[in-house]
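Below is one structure, written out as structure tokens, with a few remarks after it.
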2 protein chains.
Amino acid sequence: MTTVGLLHPGAMGASVGAAAAGNGHRVLWVARGRSGATAERANRGGLKPCDSIATMSAEADIILSVCPPHAAEEVARDVSAAGFRGIFVEGNAIAPPRTRRIQASMPDCRFVDGGIIGGPAWTAGAGTRFYLSGSHAREVAALFEGSPLEARVISTEAGAASALKMVFAAYTKGTTALLTAILAVAEAEGVRGDLETQWGREFTDRTHRQVTGNTAKAWRFAGEMEEIAATFAGAGLPDGFHLAAAEVFSRLAEFKDTPAEDLGPVLKVLLTRD
Amino acid sequence: MTTVGLLHPGAMGASVGAAAAGNGHRVLWVARGRSGATAERANRGGLKPCDSIATMSAEADIILSVCPPHAAEEVARDVSAAGFRGIFVEGNAIAPPRTRRIQASMPDCRFVDGGIIGGPAWTAGAGTRFYLSGSHAREVAALFEGSPLEARVISTEAGAASALKMVFAAYTKGTTALLTAILAVAEAEGVRGDLETQWGREFTDRTHRQVTGNTAKAWRFAGEMEEIAATFAGAGLPDGFHLAAAEVFSRLAEFKDTPAEDLGPVLKVLLTRD
């Protein structure tokens, strides 16, 4: 049995912690200052509250950072400051150069890079994969063996798991942003009905579901799109696709936690000029 | 029988002319200064050579402009300068504001906007559509009735057909550019194999075909991507998706007329820094 620290039990993090807890590992989270909804998710996942990152750092063998992209450095800094010397898993949707900077900032930890592809995995067959890279990646993967979260080690180098997350989401979320923008432009030009006739019913219906279903999460994807843009720029490819995607998602921030029920309000928000 | 002028019988234009010629209309093209390959396409389509735009303008009831986006104004100017007073069809992949500027520049013509979606339509069932808009659009559509090219009138306003072409190609060609860039970034980061495993065989094979199959045409899609970017900006949406797409396609210009056989040379060109 391994003691694991999870920072923090958001929608994705709680499911990652639950996968390890379900395998009999002791999974700690820091309850102080967190919402009732977070506590509920942590309880559901079989996670144990502890009072501080200091306590977690003293007790855990492995700490998993699963948080929104903008908070990645803060979590790593807090863990470093608490004197943690175990395996730190940077599991967030950030550009590989940023992952490597975080690695360099915590020389006392054994650093593992992670990237999660798929939704929260609460039950077997979810298809969600936790990609891992770095010299201690196998010890992290072992936590999840046989759990609903499929861990895959892809490299001994930190950065690879981040890169894979970036290039995969570049298409899935990039095309969601693109389709959202296309529908708005078509509406503005008065040809949305013609476009949807040309697309056909199946593609149109799927696109409407994709666009409206994304609205509740769009606020937190903007930061991820900026990370993908940085990844493209780092490889010498244009960053414009995902800077544009970040702008589209930013404009949808008002749908946070209450997704649009249909396309009408989405188009209205996108076409309202400040 | 209507006399039609076609400027010019490129890969797409020749098929449009052939569709009208196949319906018994007399379709003229201007042979002077054009290549042997163009003449061959024109002959194949049953088009008749004439000696100048002046002759065409004197004889034709309808002139169709089907050319690369950058040449649209030049064709319209030449037709205006020749004193043409019939129906002029601006059938190119250009942004609606540009279509309307061209319309305003030729007050002596009856102006029809057109946008072609699909590949050259030489045989029945090709699925290619010639969208038309403007007050004389029906007279143009009548040329193609029952031909392999399906004409559809969508509005009495010029600009609608251009807009529809833009928003449709925004997805098809936009995602081709995006996937091309994603493969290059994945290659640069050393995770292309992992990405393709995550994508699965079917999506990967389709993407490879889409990316390599596009290379021979990429040189002429860069201008179209800039038109789509302008269309987005005009509607108040970000233009970055398609400015990035234009840059990707521009970098592939060396594959003009000789498509890449596999992904290797495509990635090499994209990842070579000047």
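Identifiers in the structure tokens: chain A, B, ... in order shown; residue index from 1 per chain; ligand index from 1 in order shown.
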Inset, instruction - Report as a list in words the set of chain A residues whose atoms approach chain B to within 6 Å, with distances computed over only C-alpha atoms. - result: Val167, Ile182, Val185, Ala235, Pro238, Gly240, Phe241 and Ala244 of chain A
Export of the given selection (C-alpha atoms) as a PDB file, in the first residue's frame:
```pdb
ATOM      1  CA  VAL A 167      -1.342  17.448 -29.488  1.00  0.00           C
ATOM      2  CA  ILE A 182     -18.065  28.807 -37.800  1.00  0.00           C
ATOM      3  CA  VAL A 185     -19.971  33.493 -38.617  1.00  0.00           C
ATOM      4  CA  ALA A 235       7.904  23.485 -32.360  1.00  0.00           C
ATOM      5  CA  PRO A 238       1.784  28.702 -36.036  1.00  0.00           C
ATOM      6  CA  GLY A 240      -2.908  31.087 -34.197  1.00  0.00           C
ATOM      7  CA  PHE A 241      -5.311  28.113 -34.251  1.00  0.00           C
ATOM      8  CA  ALA A 244      -8.226  31.856 -31.602  1.00  0.00           C
TER       9      ALA A 244
END
```
Inset, instruction - Would you list the contacts of Ala126 of chain B as a ChimeraX atom specification, taking every protein, DNA or RNA residue within 8 Å and counting only C-alpha atoms, but skipping same-chain residues closer than 5 positions in sequence? - result: /B:119-121,148-149
With C-alpha atoms kept, could you save the residues just selected as a PDB file, in the first residue's frame?
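To be explicit, this is the file written out as out-v5.pdb:
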```pdb
ATOM      1  CA  GLY B 119     -14.399  18.950 -56.496  1.00  0.00           C
ATOM      2  CA  PRO B 120     -14.532  19.276 -60.303  1.00  0.00           C
ATOM      3  CA  ALA B 121     -17.806  17.627 -61.391  1.00  0.00           C
ATOM      4  CA  PRO B 148     -23.279  16.854 -63.103  1.00  0.00           C
ATOM      5  CA  LEU B 149     -22.943  20.265 -61.372  1.00  0.00           C
TER       6      LEU B 149
END
```
Inset, instruction - Please identify which residues in segment 48-214 of chain B DSSP calls strand (DSSP E) from the backbone, and express them as a ChimeraX atom specification. - result: /B:48-50,62-65,87-90,110-117,129-133,150-155
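Residues with any atom within 10 Å of Ala37 of chain A, counting only C-alpha atoms and excluding same-chain neighbours fewer than 3 positions away, are A:Pro9, A:Gly10, A:Ala11, A:Arg34, A:Glu40, A:Arg41, A:Ala42, A:Asn43.
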Residues as selected, N, CA and C atoms, written as a PDB file, in the first residue's frame, can you do that?
```pdb
ATOM      1  N   PRO A   9      -8.998  17.523  -5.476  1.00  0.00           N
ATOM      2  CA  PRO A   9     -10.104  16.695  -5.978  1.00  0.00           C
ATOM      3  C   PRO A   9     -11.165  17.502  -6.741  1.00  0.00           C
ATOM      4  N   GLY A  10     -10.768  18.093  -7.861  1.00  0.00           N
ATOM      5  CA  GLY A  10     -11.749  18.673  -8.790  1.00  0.00           C
ATOM      6  C   GLY A  10     -12.458  17.528  -9.503  1.00  0.00           C
ATOM      7  N   ALA A  11     -13.215  17.867 -10.551  1.00  0.00           N
ATOM      8  CA  ALA A  11     -13.981  16.838 -11.262  1.00  0.00           C
ATOM      9  C   ALA A  11     -13.056  15.729 -11.757  1.00  0.00           C
ATOM     10  N   ARG A  34     -11.437  24.316   0.994  1.00  0.00           N
ATOM     11  CA  ARG A  34     -12.092  23.758  -0.198  1.00  0.00           C
ATOM     12  C   ARG A  34     -13.612  23.727  -0.007  1.00  0.00           C
ATOM     13  N   GLU A  40     -17.444  16.512  -1.110  1.00  0.00           N
ATOM     14  CA  GLU A  40     -18.361  15.455  -1.525  1.00  0.00           C
ATOM     15  C   GLU A  40     -17.701  14.523  -2.558  1.00  0.00           C
ATOM     16  N   ARG A  41     -17.007  15.161  -3.544  1.00  0.00           N
ATOM     17  CA  ARG A  41     -16.300  14.361  -4.551  1.00  0.00           C
ATOM     18  C   ARG A  41     -15.200  13.506  -3.902  1.00  0.00           C
ATOM     19  N   ALA A  42     -14.473  14.117  -2.935  1.00  0.00           N
ATOM     20  CA  ALA A  42     -13.377  13.406  -2.267  1.00  0.00           C
ATOM     21  C   ALA A  42     -13.917  12.214  -1.474  1.00  0.00           C
ATOM     22  N   ASN A  43     -15.017  12.424  -0.773  1.00  0.00           N
ATOM     23  CA  ASN A  43     -15.638  11.334  -0.006  1.00  0.00           C
ATOM     24  C   ASN A  43     -16.104  10.220  -0.924  1.00  0.00           C
TER      25      ASN A  43
END
```
Inset, instruction - With a distance cut-off of 7 Å and only C-alpha atoms, select the neighbouring residues of segment 210-225 of chain B, excluding the residue or stretch itself and same-chain residues fewer than 2 positions from it, and output the selection as a ChimeraX atom specification. - result: /B:68-70,93-94,176,180,206-208,227-229,242-243,245-246,249-250,252-253,255-263
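Going from atom CA of Pro107 of chain A to atom CA of Thr2 of chain A covers 22.2 Å.
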